[in-house]
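Below: my_file15.cif (mmCIF, C-alpha atoms (C1' of nucleotides))
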data_target
#
loop_
_atom_site.label_atom_id
_atom_site.label_comp_id
_atom_site.auth_asym_id
_atom_site.auth_seq_id
_atom_site.Cartn_x
_atom_site.Cartn_y
_atom_site.Cartn_z
CA MET J 157 -25.06 -10.81 -29.23
CA THR J 158 -23.33 -12.67 -26.45
CA GLU J 159 -21.81 -9.67 -24.85
CA ASN J 160 -18.84 -11.31 -23.20
CA LEU J 161 -19.24 -9.46 -19.95
CA LEU J 162 -16.32 -8.65 -17.69
CA GLU J 163 -14.09 -10.36 -20.08
CA VAL J 164 -14.07 -7.73 -22.71
CA ARG J 165 -12.33 -8.51 -25.94
CA VAL J 166 -8.87 -9.68 -26.64
CA PRO J 167 -6.71 -6.90 -28.05
CA LYS J 168 -6.40 -6.54 -31.74
CA ASP J 169 -5.44 -3.10 -30.80
CA GLY J 170 -8.07 -1.96 -28.43
CA TRP J 171 -8.55 -3.45 -25.07
CA ASP J 172 -9.96 -1.41 -22.34
CA LEU J 173 -8.44 -1.37 -18.89
CA ALA J 174 -11.43 0.64 -17.77
CA GLY J 175 -13.64 -2.36 -18.45
CA PHE J 176 -11.39 -4.76 -16.61
CA LEU J 177 -12.96 -6.01 -13.41
CA PRO J 178 -9.94 -6.05 -11.07
CA TYR J 179 -9.06 -2.55 -12.08
CA ARG J 180 -12.57 -1.25 -11.67
CA LEU J 181 -12.88 -2.88 -8.28
CA SER J 182 -9.63 -1.46 -7.07
CA VAL J 183 -10.53 2.06 -8.12
CA VAL J 184 -13.91 1.86 -6.45
CA SER J 185 -12.56 0.23 -3.34
CA ASN J 186 -9.68 2.67 -2.99
CA THR J 187 -11.92 5.65 -3.43
CA ILE J 188 -14.31 4.48 -0.73
CA SER J 189 -11.63 3.28 1.66
CA GLY J 190 -9.70 6.48 1.15
CA ASP J 191 -12.69 8.50 2.16
CA LEU J 192 -13.12 6.53 5.36
CA ALA J 193 -9.41 6.48 6.05
CA ARG J 194 -9.54 10.24 6.15
CA LEU J 195 -12.27 10.09 8.74
CA TYR J 196 -10.32 7.72 10.98
CA ALA J 197 -7.09 9.62 10.62
CA GLU J 198 -8.34 13.16 10.98
CA ARG J 199 -10.75 12.57 13.77
CA TYR J 200 -9.11 9.78 15.72
CA GLY J 201 -5.52 9.52 14.53
CA LEU J 202 -6.26 5.97 13.56
CA GLY J 203 -5.00 4.04 10.54
CA VAL J 204 -7.22 1.65 8.64
CA PRO J 205 -5.57 -1.49 10.05
CA GLU J 206 -5.97 -0.21 13.60
CA TRP J 207 -9.57 0.61 12.97
CA ARG J 208 -10.12 -2.89 11.69
CA VAL J 209 -8.76 -4.41 14.84
CA VAL J 210 -10.97 -2.14 16.92
CA ALA J 211 -13.95 -3.04 14.79
CA ILE J 212 -13.36 -6.76 15.12
CA LEU J 213 -12.86 -6.64 18.86
CA GLY J 214 -15.81 -4.31 19.20
CA SER J 215 -17.94 -6.66 17.17
CA PHE J 216 -16.95 -9.99 18.55
CA GLY J 217 -15.25 -9.30 21.84
CA ARG J 218 -12.13 -10.87 23.29
CA MET J 219 -9.92 -12.87 20.98
CA THR J 220 -6.27 -13.56 20.19
CA ALA J 221 -4.21 -11.92 17.46
CA SER J 222 -4.43 -15.08 15.39
CA ASP J 223 -8.20 -14.99 15.60
CA VAL J 224 -8.08 -11.42 14.33
CA VAL J 225 -5.89 -12.51 11.43
CA GLU J 226 -8.33 -15.24 10.57
CA ARG J 227 -11.36 -12.99 10.66
CA THR J 228 -9.91 -10.05 8.77
CA ALA J 229 -7.55 -11.60 6.26
CA MET J 230 -5.04 -9.02 7.44
CA ASP J 231 -1.54 -10.33 7.75
CA LYS J 232 -0.10 -11.07 11.14
CA VAL J 233 2.58 -8.40 10.95
CA GLN J 234 -0.03 -5.78 10.42
CA VAL J 235 -2.12 -7.09 13.25
CA SER J 236 0.87 -7.22 15.54
CA ARG J 237 1.73 -3.61 14.80
CA SER J 238 -1.83 -2.41 15.08
CA VAL J 239 -2.19 -4.12 18.42
CA ALA J 240 1.00 -2.53 19.67
CA ARG J 241 -0.21 0.93 18.73
CA LEU J 242 -3.65 0.41 20.14
CA LYS J 243 -2.22 -0.82 23.40
CA GLU J 244 0.10 2.15 23.48
CA ALA J 245 -2.88 4.43 22.99
CA GLY J 246 -4.79 2.66 25.73
CA HIS J 247 -7.47 1.34 23.44
CA LEU J 248 -6.96 -2.31 24.14
CA GLU J 249 -5.39 -4.64 26.64
CA ARG J 250 -3.50 -7.86 26.26
CA VAL J 251 -3.84 -10.68 28.70
CA VAL J 252 -1.42 -13.52 28.23
CA ASP J 253 -3.14 -16.88 28.25
CA ALA J 254 -2.35 -18.82 31.38
CA ALA J 255 -2.51 -22.22 29.74
CA ASP J 256 -0.56 -21.28 26.62
CA ARG J 257 1.77 -18.41 27.24
CA ARG J 258 2.47 -17.77 23.58
CA ARG J 259 -1.03 -16.48 23.15
CA ALA J 260 -2.58 -13.30 24.44
CA HIS J 261 -6.20 -12.38 24.61
CA LEU J 262 -7.03 -8.97 23.28
CA SER J 263 -9.98 -6.88 24.28
CA LEU J 264 -11.02 -3.28 24.10
CA THR J 265 -10.60 -1.13 27.15
CA GLU J 266 -13.27 1.31 28.25
CA ARG J 267 -11.56 3.87 26.04
CA GLY J 268 -11.42 1.49 23.12
CA ARG J 269 -15.07 0.66 23.44
CA ALA J 270 -15.92 4.35 23.53
CA LEU J 271 -13.90 4.85 20.39
CA PHE J 272 -15.70 2.02 18.71
CA THR J 273 -19.19 3.21 19.58
CA ASP J 274 -18.20 6.68 18.49
CA ILE J 275 -16.82 5.66 15.12
CA VAL J 276 -19.34 3.15 13.92
CA PRO J 277 -22.24 5.54 13.38
CA ARG J 278 -19.96 8.02 11.65
CA ALA J 279 -18.62 5.36 9.34
CA GLU J 280 -22.16 4.27 8.62
CA ALA J 281 -23.07 7.84 7.86
CA ARG J 282 -20.25 8.08 5.35
CA ILE J 283 -21.49 5.01 3.58
CA GLU J 284 -24.96 6.39 3.68
CA ARG J 285 -23.73 9.57 2.08
CA LEU J 286 -21.97 7.55 -0.58
CA LEU J 287 -25.11 5.60 -1.32
CA ARG J 288 -27.39 8.58 -0.94
CA SER J 289 -28.61 8.43 -4.48
CA VAL J 290 -28.58 4.66 -4.81
CA SER J 291 -31.97 2.99 -4.74
CA GLU J 292 -32.86 0.22 -2.36
CA GLU J 293 -32.89 -2.20 -5.23
CA ASP J 294 -29.47 -1.16 -6.44
CA ARG J 295 -28.16 -1.61 -2.93
CA ARG J 296 -29.39 -5.13 -2.98
CA THR J 297 -27.63 -5.62 -6.30
CA ILE J 298 -24.40 -4.40 -4.76
CA ASP J 299 -24.82 -6.60 -1.76
CA ARG J 300 -25.48 -9.61 -3.92
CA ALA J 301 -22.57 -8.89 -6.24
CA VAL J 302 -20.09 -8.50 -3.42
CA GLY J 303 -21.31 -11.75 -1.97
CA ILE J 304 -20.75 -13.52 -5.25
CA LEU J 305 -17.27 -12.07 -5.52
CA GLU J 306 -16.44 -13.00 -1.96
CA GLN J 307 -17.29 -16.54 -2.69
CA ALA J 308 -15.35 -16.61 -5.94
CA ALA J 309 -12.35 -14.91 -4.37
CA GLY J 310 -12.56 -17.33 -1.44
CA SER J 311 -12.09 -20.33 -3.68
CA LEU J 312 -9.18 -18.54 -5.30
CA ALA J 313 -7.52 -17.92 -1.96
CA GLN J 314 -7.65 -21.53 -0.84
CA ALA J 315 -6.58 -22.98 -4.19
CA ASP J 316 -3.07 -21.72 -3.48
CA GLY J 317 -2.16 -18.72 -5.69
CA MET R 232 -38.66 -6.55 7.60
CA THR R 233 -36.81 -3.69 6.03
CA GLU R 234 -33.44 -5.34 6.10
CA ASN R 235 -31.28 -2.26 6.21
CA LEU R 236 -28.82 -3.54 3.69
CA LEU R 237 -25.17 -2.51 3.68
CA GLU R 238 -25.81 -0.37 6.63
CA VAL R 239 -26.10 -3.07 9.18
CA ARG R 240 -27.09 -2.04 12.67
CA VAL R 241 -25.63 0.48 15.00
CA PRO R 242 -23.71 -1.20 17.81
CA LYS R 243 -25.43 -1.96 21.04
CA ASP R 244 -22.67 -4.39 21.28
CA GLY R 245 -22.73 -6.23 18.06
CA TRP R 246 -21.75 -4.65 14.83
CA ASP R 247 -20.14 -6.65 12.19
CA LEU R 248 -17.09 -5.46 10.29
CA ALA R 249 -17.57 -8.43 8.01
CA GLY R 250 -20.84 -6.94 6.80
CA PHE R 251 -19.38 -3.51 6.23
CA LEU R 252 -19.26 -2.64 2.55
CA PRO R 253 -15.87 -0.87 2.37
CA TYR R 254 -14.24 -3.67 4.22
CA ARG R 255 -15.80 -6.36 2.09
CA LEU R 256 -14.85 -4.54 -1.07
CA SER R 257 -11.28 -4.11 -0.01
CA VAL R 258 -10.87 -7.77 0.87
CA VAL R 259 -12.35 -8.87 -2.43
CA SER R 260 -10.41 -6.35 -4.43
CA ASN R 261 -7.12 -7.12 -2.71
CA THR R 262 -7.54 -10.83 -3.17
CA ILE R 263 -8.18 -10.49 -6.87
CA SER R 264 -5.50 -7.86 -7.47
CA GLY R 265 -3.03 -9.87 -5.46
CA ASP R 266 -3.58 -12.86 -7.67
CA LEU R 267 -2.96 -10.83 -10.80
CA ALA R 268 -0.03 -9.01 -9.26
CA ARG R 269 1.64 -12.37 -8.83
CA LEU R 270 1.15 -13.08 -12.51
CA TYR R 271 2.69 -9.79 -13.58
CA ALA R 272 5.57 -10.05 -11.18
CA GLU R 273 6.53 -13.68 -11.64
CA ARG R 274 6.18 -13.83 -15.34
CA TYR R 275 7.14 -10.34 -16.43
CA GLY R 276 8.81 -8.64 -13.47
CA LEU R 277 6.15 -6.00 -13.66
CA GLY R 278 4.45 -4.20 -10.80
CA VAL R 279 0.76 -3.41 -10.87
CA PRO R 280 1.26 0.32 -11.56
CA GLU R 281 3.56 -0.46 -14.49
CA TRP R 282 1.10 -2.91 -15.88
CA ARG R 283 -1.60 -0.30 -15.65
CA VAL R 284 0.40 2.15 -17.66
CA VAL R 285 1.10 -0.52 -20.26
CA ALA R 286 -2.58 -1.41 -20.35
CA ILE R 287 -3.66 2.17 -20.82
CA LEU R 288 -1.17 2.85 -23.56
CA GLY R 289 -1.96 -0.47 -25.16
CA SER R 290 -5.64 0.30 -25.07
CA PHE R 291 -5.69 3.89 -26.11
CA GLY R 292 -2.37 4.57 -27.73
CA ARG R 293 -0.12 7.57 -27.38
CA MET R 294 -0.80 10.00 -24.55
CA THR R 295 0.95 12.13 -21.96
CA ALA R 296 1.58 11.20 -18.34
CA SER R 297 -1.21 13.55 -17.27
CA ASP R 298 -3.62 11.76 -19.54
CA VAL R 299 -2.62 8.51 -17.91
CA VAL R 300 -3.26 10.00 -14.49
CA GLU R 301 -6.67 11.13 -15.59
CA ARG R 302 -7.66 7.79 -17.03
CA THR R 303 -6.40 5.58 -14.24
CA ALA R 304 -6.89 7.62 -11.08
CA MET R 305 -3.30 6.72 -10.26
CA ASP R 306 -1.31 9.51 -8.74
CA LYS R 307 1.23 11.34 -10.78
CA VAL R 308 4.20 10.23 -8.72
CA GLN R 309 3.32 6.65 -9.36
CA VAL R 310 2.86 7.30 -13.04
CA SER R 311 6.14 9.13 -13.25
CA ARG R 312 7.98 6.26 -11.64
CA SER R 313 6.25 3.62 -13.66
CA VAL R 314 7.09 5.46 -16.84
CA ALA R 315 10.73 5.72 -15.83
CA ARG R 316 10.95 1.98 -15.20
CA LEU R 317 9.13 1.08 -18.37
CA LYS R 318 11.38 3.32 -20.39
CA GLU R 319 14.39 1.78 -18.73
CA ALA R 320 13.09 -1.66 -19.66
CA GLY R 321 12.52 -0.55 -23.22
CA HIS R 322 8.77 -0.97 -23.06
CA LEU R 323 7.85 2.58 -23.89
CA GLU R 324 9.25 5.72 -25.37
CA ARG R 325 8.88 9.34 -24.46
CA VAL R 326 8.73 12.03 -27.07
CA VAL R 327 8.83 15.56 -25.76
CA ASP R 328 6.11 17.71 -27.23
CA ALA R 329 7.53 20.28 -29.63
CA ALA R 330 4.94 22.91 -28.89
CA ASP R 331 4.93 22.48 -25.12
CA ARG R 332 8.21 21.14 -23.87
CA ARG R 333 6.90 20.34 -20.40
CA ARG R 334 4.87 17.55 -21.85
CA ALA R 335 6.00 14.25 -23.28
CA HIS R 336 4.04 11.80 -25.35
CA LEU R 337 4.27 8.23 -24.21
CA SER R 338 3.76 5.21 -26.39
CA LEU R 339 4.59 1.56 -26.30
CA THR R 340 7.58 0.35 -28.22
CA GLU R 341 7.48 -2.85 -30.24
CA ARG R 342 8.57 -4.66 -27.12
CA GLY R 343 5.95 -2.95 -25.02
CA ARG R 344 3.24 -3.84 -27.45
CA ALA R 345 4.37 -7.46 -27.46
CA LEU R 346 4.23 -7.46 -23.69
CA PHE R 347 0.75 -6.04 -23.78
CA THR R 348 -0.62 -8.53 -26.25
CA ASP R 349 1.01 -11.31 -24.30
CA ILE R 350 -0.39 -10.28 -20.93
CA VAL R 351 -3.94 -9.41 -21.78
CA PRO R 352 -5.16 -12.90 -22.60
CA ARG R 353 -3.44 -14.30 -19.55
CA ALA R 354 -5.03 -11.70 -17.32
CA GLU R 355 -8.36 -12.47 -18.91
CA ALA R 356 -7.81 -16.14 -18.26
CA ARG R 357 -7.20 -15.45 -14.60
CA ILE R 358 -10.43 -13.59 -14.34
CA GLU R 359 -12.15 -16.37 -16.17
CA ARG R 360 -10.76 -18.83 -13.69
CA LEU R 361 -11.98 -16.66 -10.86
CA LEU R 362 -15.44 -16.48 -12.35
CA ARG R 363 -15.43 -20.07 -13.49
CA SER R 364 -18.34 -21.05 -11.32
CA VAL R 365 -20.22 -17.78 -11.63
CA SER R 366 -23.28 -17.86 -13.85
CA GLU R 367 -23.80 -15.46 -16.71
CA GLU R 368 -26.56 -13.78 -14.79
CA ASP R 369 -24.41 -13.33 -11.71
CA ARG R 370 -21.74 -11.81 -13.89
CA ARG R 371 -24.21 -9.28 -15.09
CA THR R 372 -25.10 -8.56 -11.47
CA ILE R 373 -21.45 -7.92 -10.69
CA ASP R 374 -21.05 -5.72 -13.71
CA ARG R 375 -24.10 -3.72 -12.81
CA ALA R 376 -23.08 -3.37 -9.16
CA VAL R 377 -19.61 -2.16 -9.98
CA GLY R 378 -21.10 0.36 -12.35
CA ILE R 379 -23.38 1.68 -9.64
CA LEU R 380 -20.48 1.94 -7.23
CA GLU R 381 -18.32 3.67 -9.79
CA GLN R 382 -20.93 6.29 -10.22
CA ALA R 383 -21.48 6.73 -6.49
CA ALA R 384 -17.76 6.85 -5.80
CA GLY R 385 -17.33 9.31 -8.63
CA SER R 386 -19.65 11.81 -7.02
CA LEU R 387 -17.76 11.32 -3.78
CA ALA R 388 -14.47 12.05 -5.45
CA GLN R 389 -15.55 15.34 -6.93
CA ALA R 390 -17.38 16.59 -3.84
CA ASP R 391 -14.01 17.21 -2.22
CA GLY R 392 -13.23 14.63 0.50
"C1'" DG H 189 7.06 42.48 -22.28
"C1'" DG H 190 7.63 40.62 -17.85
"C1'" DA H 191 6.39 39.37 -12.94
"C1'" DA H 192 3.05 36.15 -10.92
"C1'" DA H 193 0.49 32.14 -11.31
"C1'" DT H 194 -0.22 27.61 -13.40
"C1'" DT H 195 0.97 23.26 -15.26
"C1'" DA H 196 3.92 18.95 -16.31
"C1'" DG H 197 6.61 16.07 -14.32
"C1'" DT H 198 10.46 14.72 -10.97
"C1'" DT H 199 12.88 14.32 -6.65
"C1'" DT H 200 13.18 14.03 -1.82
"C1'" DC H 201 11.95 12.52 2.50
"C1'" DT H 202 9.20 9.98 5.71
"C1'" DA H 203 5.93 6.44 6.81
"C1'" DA H 204 3.69 2.16 5.65
"C1'" DT H 205 4.24 -2.46 3.83
"C1'" DG H 206 5.43 -7.24 3.65
"C1'" DA H 207 8.73 -11.10 3.28
"C1'" DA H 208 11.77 -13.47 5.92
"C1'" DA H 209 14.25 -14.29 9.99
"C1'" DC H 210 13.74 -14.62 14.68
"C1'" DT H 211 12.20 -15.63 19.81
"C1'" DA H 212 9.69 -18.04 22.90
"C1'" DA H 213 6.35 -21.44 24.18
"C1'" DT H 214 4.17 -25.74 23.11
"C1'" DT H 215 3.32 -30.15 21.00
"C1'" DC H 216 4.67 -34.25 18.70
"C1'" DG H 217 7.27 -38.67 18.05
"C1'" DG H 218 9.95 -42.03 19.49
"C1'" DC M 260 11.09 -37.43 28.95
"C1'" DC M 261 13.85 -35.03 25.23
"C1'" DG M 262 15.06 -33.39 20.59
"C1'" DA M 263 12.52 -31.93 16.33
"C1'" DA M 264 8.79 -29.70 14.51
"C1'" DT M 265 5.00 -26.38 15.06
"C1'" DT M 266 2.73 -22.30 16.50
"C1'" DA M 267 2.11 -17.33 18.36
"C1'" DG M 268 3.71 -13.27 17.79
"C1'" DT M 269 7.64 -9.80 17.01
"C1'" DT M 270 11.54 -7.67 14.79
"C1'" DT M 271 14.42 -6.61 11.00
"C1'" DC M 272 15.21 -5.10 6.60
"C1'" DA M 273 14.42 -3.80 1.95
"C1'" DT M 274 10.89 -2.02 -0.96
"C1'" DT M 275 7.08 0.91 -1.93
"C1'" DA M 276 3.86 4.57 -1.48
"C1'" DG M 277 2.59 9.19 -1.00
"C1'" DA M 278 2.93 14.09 0.65
"C1'" DA M 279 5.34 18.00 -0.16
"C1'" DA M 280 8.87 20.54 -2.18
"C1'" DC M 281 11.04 21.39 -6.31
"C1'" DT M 282 12.40 22.37 -11.49
"C1'" DA M 283 11.32 23.81 -15.77
"C1'" DA M 284 8.20 25.42 -19.24
"C1'" DT M 285 4.15 28.00 -20.31
"C1'" DT M 286 0.19 31.17 -19.51
"C1'" DT M 287 -2.01 35.07 -17.61
"C1'" DC M 288 -2.72 39.53 -16.93
"C1'" DC M 289 -1.45 44.15 -16.06
#

Represent the structure of the file as structure tokens.
Amino acid sequence: MTENLLEVRVPKDGWDLAGFLPYRLSVVSNTISGDLARLYAERYGLGVPEWRVVAILGSFGRMTASDVVERTAMDKVQVSRSVARLKEAGHLERVVDAADRRRAHLSLTERGRALFTDIVPRAEARIERLLRSVSEEDRRTIDRAVGILEQAAGSLAQADG
Amino acid sequence: MTENLLEVRVPKDGWDLAGFLPYRLSVVSNTISGDLARLYAERYGLGVPEWRVVAILGSFGRMTASDVVERTAMDKVQVSRSVARLKEAGHLERVVDAADRRRAHLSLTERGRALFTDIVPRAEARIERLLRSVSEEDRRTIDRAVGILEQAAGSLAQADG
DNA sequence: GGAAATTAGTTTCTAATGAAACTAATTCGG
DNA sequence: CCGAATTAGTTTCATTAGAAACTAATTTCC
């Protein structure tokens, strides 16, 4: 009765994509992210990567683009472009570092901070709606599971690819 | 001590993207999918959408493109293109339905089936490597959590967007 | 039976993506 | 110090994704 979880069975001629962890995760994640993406786009004209940069700066304050890359696991091209758009829109400002002029410190402007404090509760509300019918205990299960996966995926990331 | 899981706290001036469920899920999911995508691409010259179509047909046998869309939550454009490439590569064949000539039945060719049976164990092995250090109990936690999320996300999907 | 609506699937067009090359500033090694 | 290597960040370019329009076949409904 060892159920062979997450691994499913090797195909004689029936193997089920729908039971395959990476696939299931991507469907779930895309569905949820898509829902939020709609919120950001419709209401604020903001793409997901931009929102992430806002969220990071809103959460942790001033930092460089490289710091953002490190914290978000976004790639630097995406960060660079998001920053450009956000600056354009007046949501953040760049201050070139005096000591090392390759680097620039990013921080939210007044406008950017307003955006941040406006979005966060709405995003929370979306998640709350999603989890409306999920019990407190099940939420803990989710939280725990994601933590486990983060750790596992982390080791994967550093062990090359 | 109610810990307010997954919801975190509303920003006075500290709200943490890194604790935000959609974000965490997308990082985890992208890391894992990225790893597999590399396998498909390097070894078989196959993109993720193509692989999904192969996996579905390999798992469930003959079906139409619409059926594939329904089972995978991929969009129809992506399915259409994947099918075209797979046909080109000789991995699947299309048989137009006699009764309804808009529809075509897709199934793996010999080659396609060989591809499928070759990939599946390798994909499984990757997942096994990922979960190497994860206990049986934690695997069950993951499985349960993803199931809960699937259900929650499912209700989200049908309640418009 | 035939115009209008629906469905299956494809094509087109634009925007997003990411790898790789590039620029500019800094550090390292001798 | 000064040339080579490194680092921060940007730009270019080719691919990919996805929305919307489109084609073709089939239903619906009067």

Exercise. Got a sec: who's within 9 Å of Pro205 of chain J, counting all atoms listed in the file, leaving out chain neighbours fewer than 4 positions off, as an MDAnalysis selection string?
Worked result: chainID J and resid 209:210 230 234:235 237:238

Would you export the selected residues with C-alpha atoms as a PDB file, in the coordinates of the input, please?
ATOM      1  CA  VAL J 209      -8.760  -4.410  14.840  1.00  0.00           C
ATOM      2  CA  VAL J 210     -10.970  -2.140  16.920  1.00  0.00           C
ATOM      3  CA  MET J 230      -5.040  -9.020   7.440  1.00  0.00           C
ATOM      4  CA  GLN J 234      -0.030  -5.780  10.420  1.00  0.00           C
ATOM      5  CA  VAL J 235      -2.120  -7.090  13.250  1.00  0.00           C
ATOM      6  CA  ARG J 237       1.730  -3.610  14.800  1.00  0.00           C
ATOM      7  CA  SER J 238      -1.830  -2.410  15.080  1.00  0.00           C
TER       8      SER J 238
END

Problem set entry | Distance of atom C1' of DT269 of chain M from atom CA of Asp256 of chain J, expressed in Å to one decimal place | 17.1 Å

Problem set entry | Test item: the PyMOL selection byres ((chain M and resi 261) around 12) resolved as JSON, numbers by chain | {"H": [216, 217, 218], "M": [260, 262, 263]}

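You can rank J:Gly190, J:Gly170, J:Pro178, J:Gly203 by their closest distance to chain H using only C-alpha atoms (C1' of nucleotides), and at the top of that list sits J:Gly203.
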
Problem set entry | Hits from the PyMOL selection byres ((chain M) within 9 of (chain R)), listed as a list in words |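 So the PyMOL selection byres ((chain M) within 9 of (chain R)), applied here, picks out DA276, DG277, DA283, DA284 and DT285 of chain M.
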
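If all atoms listed in the file are the atoms counted, then among J:Gly246, J:Gly217, J:Gly268, J:Gly201 the closest residue to chain R is J:Gly217.
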
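For the atom pair formed by atom CA of Ala270 of chain J and atom CA of Gly214 of chain J, the distance is 9.7 Å, given to one decimal.
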
List as a CSV table (one decimal) with C-alpha atoms (C1' of nucleotides), keeping the file's coordinate frame: which residues have an atom within 10 Å of (3.1, -23.6, 14.2), counting all atoms listed in the file?
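This went into out_22.csv:
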chain,number,residue,atom,x,y,z
H,214,DT,C1',4.2,-25.7,23.1
H,215,DT,C1',3.3,-30.2,21.0
M,264,DA,C1',8.8,-29.7,14.5
M,265,DT,C1',5.0,-26.4,15.1
M,266,DT,C1',2.7,-22.3,16.5
M,267,DA,C1',2.1,-17.3,18.4

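Those residues positioned at most 9 Å from (0.3, -0.4, -21.1) are Glu281, Trp282, Arg283, Val284, Val285, Ala286, Ile287, Leu288, Gly289, Ser290, Phe291, Gly292, His322, Leu323, Ser338, Leu339, Gly343, Arg344, Leu346 and Phe347 of chain R, judged using only C-alpha atoms (C1' of nucleotides).
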
Go ahead and save the residues from that selection, with C-alpha atoms, as a compact mmCIF listing (two decimals), in the coordinates of the input.
# COMPACT_ATOMS: atom_id res chain seq x y z
CA GLU R 281 3.56 -0.46 -14.49
CA TRP R 282 1.10 -2.91 -15.88
CA ARG R 283 -1.60 -0.30 -15.65
CA VAL R 284 0.40 2.15 -17.66
CA VAL R 285 1.10 -0.52 -20.26
CA ALA R 286 -2.58 -1.41 -20.35
CA ILE R 287 -3.66 2.17 -20.82
CA LEU R 288 -1.17 2.85 -23.56
CA GLY R 289 -1.96 -0.47 -25.16
CA SER R 290 -5.64 0.30 -25.07
CA PHE R 291 -5.69 3.89 -26.11
CA GLY R 292 -2.37 4.57 -27.73
CA HIS R 322 8.77 -0.97 -23.06
CA LEU R 323 7.85 2.58 -23.89
CA SER R 338 3.76 5.21 -26.39
CA LEU R 339 4.59 1.56 -26.30
CA GLY R 343 5.95 -2.95 -25.02
CA ARG R 344 3.24 -3.84 -27.45
CA LEU R 346 4.23 -7.46 -23.69
CA PHE R 347 0.75 -6.04 -23.78

Hey, which bits of chain H sit within 9 Å of chain J, and for each residue what's the closest pair of atoms and how far apart in Å (one decimal), counting all atoms listed in the file, rows by chain and increasing number, as JSON lines?
{"residue": "H:DT205", "atom": "C1'", "partner": "J:Gln234", "partner_atom": "CA", "distance": 8.5}
{"residue": "H:DG206", "atom": "C1'", "partner": "J:Val233", "partner_atom": "CA", "distance": 7.9}
{"residue": "H:DA212", "atom": "C1'", "partner": "J:Arg258", "partner_atom": "CA", "distance": 7.3}
{"residue": "H:DA213", "atom": "C1'", "partner": "J:Arg258", "partner_atom": "CA", "distance": 5.4}
{"residue": "H:DT214", "atom": "C1'", "partner": "J:Asp256", "partner_atom": "CA", "distance": 7.4}

Long-range neighbours of Arg375 of chain R as a PDB file with C-alpha atoms, in the coordinates of the input, 10 Å cut-off, only C-alpha atoms (C1' of nucleotides), 6 positions minimum in chain:
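Wrote part-v7.pdb, looks like this:
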ATOM      1  CA  ASP J 294     -29.470  -1.160  -6.440  1.00  0.00           C
ATOM      2  CA  THR J 297     -27.630  -5.620  -6.300  1.00  0.00           C
ATOM      3  CA  ILE J 298     -24.400  -4.400  -4.760  1.00  0.00           C
ATOM      4  CA  ALA J 301     -22.570  -8.890  -6.240  1.00  0.00           C
TER       5      ALA J 301
ATOM      6  CA  ASP R 369     -24.410 -13.330 -11.710  1.00  0.00           C
ATOM      7  CA  GLU R 381     -18.320   3.670  -9.790  1.00  0.00           C
TER       8      GLU R 381
END

Considering only C-alpha atoms, give me a table of residues in chain R that are at most 8 Å from chain J, with the closest atom pair and distance in Å for each, as CSV.
residue,atom,partner,partner_atom,distance
R:Leu236,CA,J:Arg296,CA,6.9
R:Leu237,CA,J:Asp299,CA,6.8
R:Glu238,CA,J:Glu280,CA,6.2
R:Val241,CA,J:Pro277,CA,6.3
R:Pro242,CA,J:Thr273,CA,6.6
R:Asp244,CA,J:Ser215,CA,6.7
R:Gly245,CA,J:Ser215,CA,4.9
R:Trp246,CA,J:Ser215,CA,4.9
R:Asp247,CA,J:Ser215,CA,5.4
R:Leu248,CA,J:Ala211,CA,6.0
R:Ala249,CA,J:Thr228,CA,7.9
R:Pro253,CA,J:Ser189,CA,6.0
R:Tyr254,CA,J:Ser189,CA,7.9
R:Arg255,CA,J:Val302,CA,7.3
R:Leu256,CA,J:Ser185,CA,5.8
R:Ser257,CA,J:Ser185,CA,5.6
R:Val258,CA,J:Ala229,CA,7.4
R:Val259,CA,J:Glu306,CA,5.8
R:Ser260,CA,J:Ser182,CA,5.6
R:Asn261,CA,J:Ser182,CA,7.6
R:Thr262,CA,J:Ala309,CA,6.4
R:Ile263,CA,J:Pro178,CA,6.4
R:Ser264,CA,J:Pro178,CA,6.0
R:Asp266,CA,J:Gly317,CA,6.3
R:Arg283,CA,J:Leu173,CA,7.6
R:Ala286,CA,J:Leu173,CA,6.0
R:Ile287,CA,J:Leu173,CA,6.3
R:Gly289,CA,J:Gly170,CA,7.1
R:Ser290,CA,J:Gly170,CA,4.7
R:Phe291,CA,J:Gly170,CA,6.7
R:Thr303,CA,J:Ala174,CA,7.9
R:Ala304,CA,J:Val183,CA,7.3
R:Thr348,CA,J:Pro167,CA,6.6
R:Val351,CA,J:Val166,CA,6.9
R:Pro352,CA,J:Val166,CA,6.4
R:Glu355,CA,J:Glu163,CA,6.2
R:Ile358,CA,J:Glu163,CA,7.5
R:Glu359,CA,J:Glu163,CA,7.4
R:Leu361,CA,J:Ala308,CA,6.0
R:Leu362,CA,J:Ala308,CA,6.4
R:Ser364,CA,J:Ala308,CA,7.6
R:Val365,CA,J:Ala308,CA,7.6
R:Asp369,CA,J:Ala301,CA,7.3
R:Arg370,CA,J:Leu161,CA,7.0
R:Arg371,CA,J:Leu161,CA,7.0
R:Thr372,CA,J:Ala301,CA,5.8
R:Ile373,CA,J:Ala301,CA,4.7
R:Asp374,CA,J:Leu162,CA,6.8
R:Arg375,CA,J:Thr297,CA,7.6
R:Ala376,CA,J:Ile298,CA,4.7
R:Val377,CA,J:Leu181,CA,7.0
R:Ile379,CA,J:Asp294,CA,7.4
R:Leu380,CA,J:Val184,CA,6.6
R:Glu381,CA,J:Val184,CA,5.8
R:Ala383,CA,J:Leu286,CA,6.0
R:Ala384,CA,J:Val184,CA,6.3
R:Leu387,CA,J:Leu286,CA,6.5
R:Ala388,CA,J:Thr187,CA,7.2
R:Gly392,CA,J:Asp191,CA,6.4
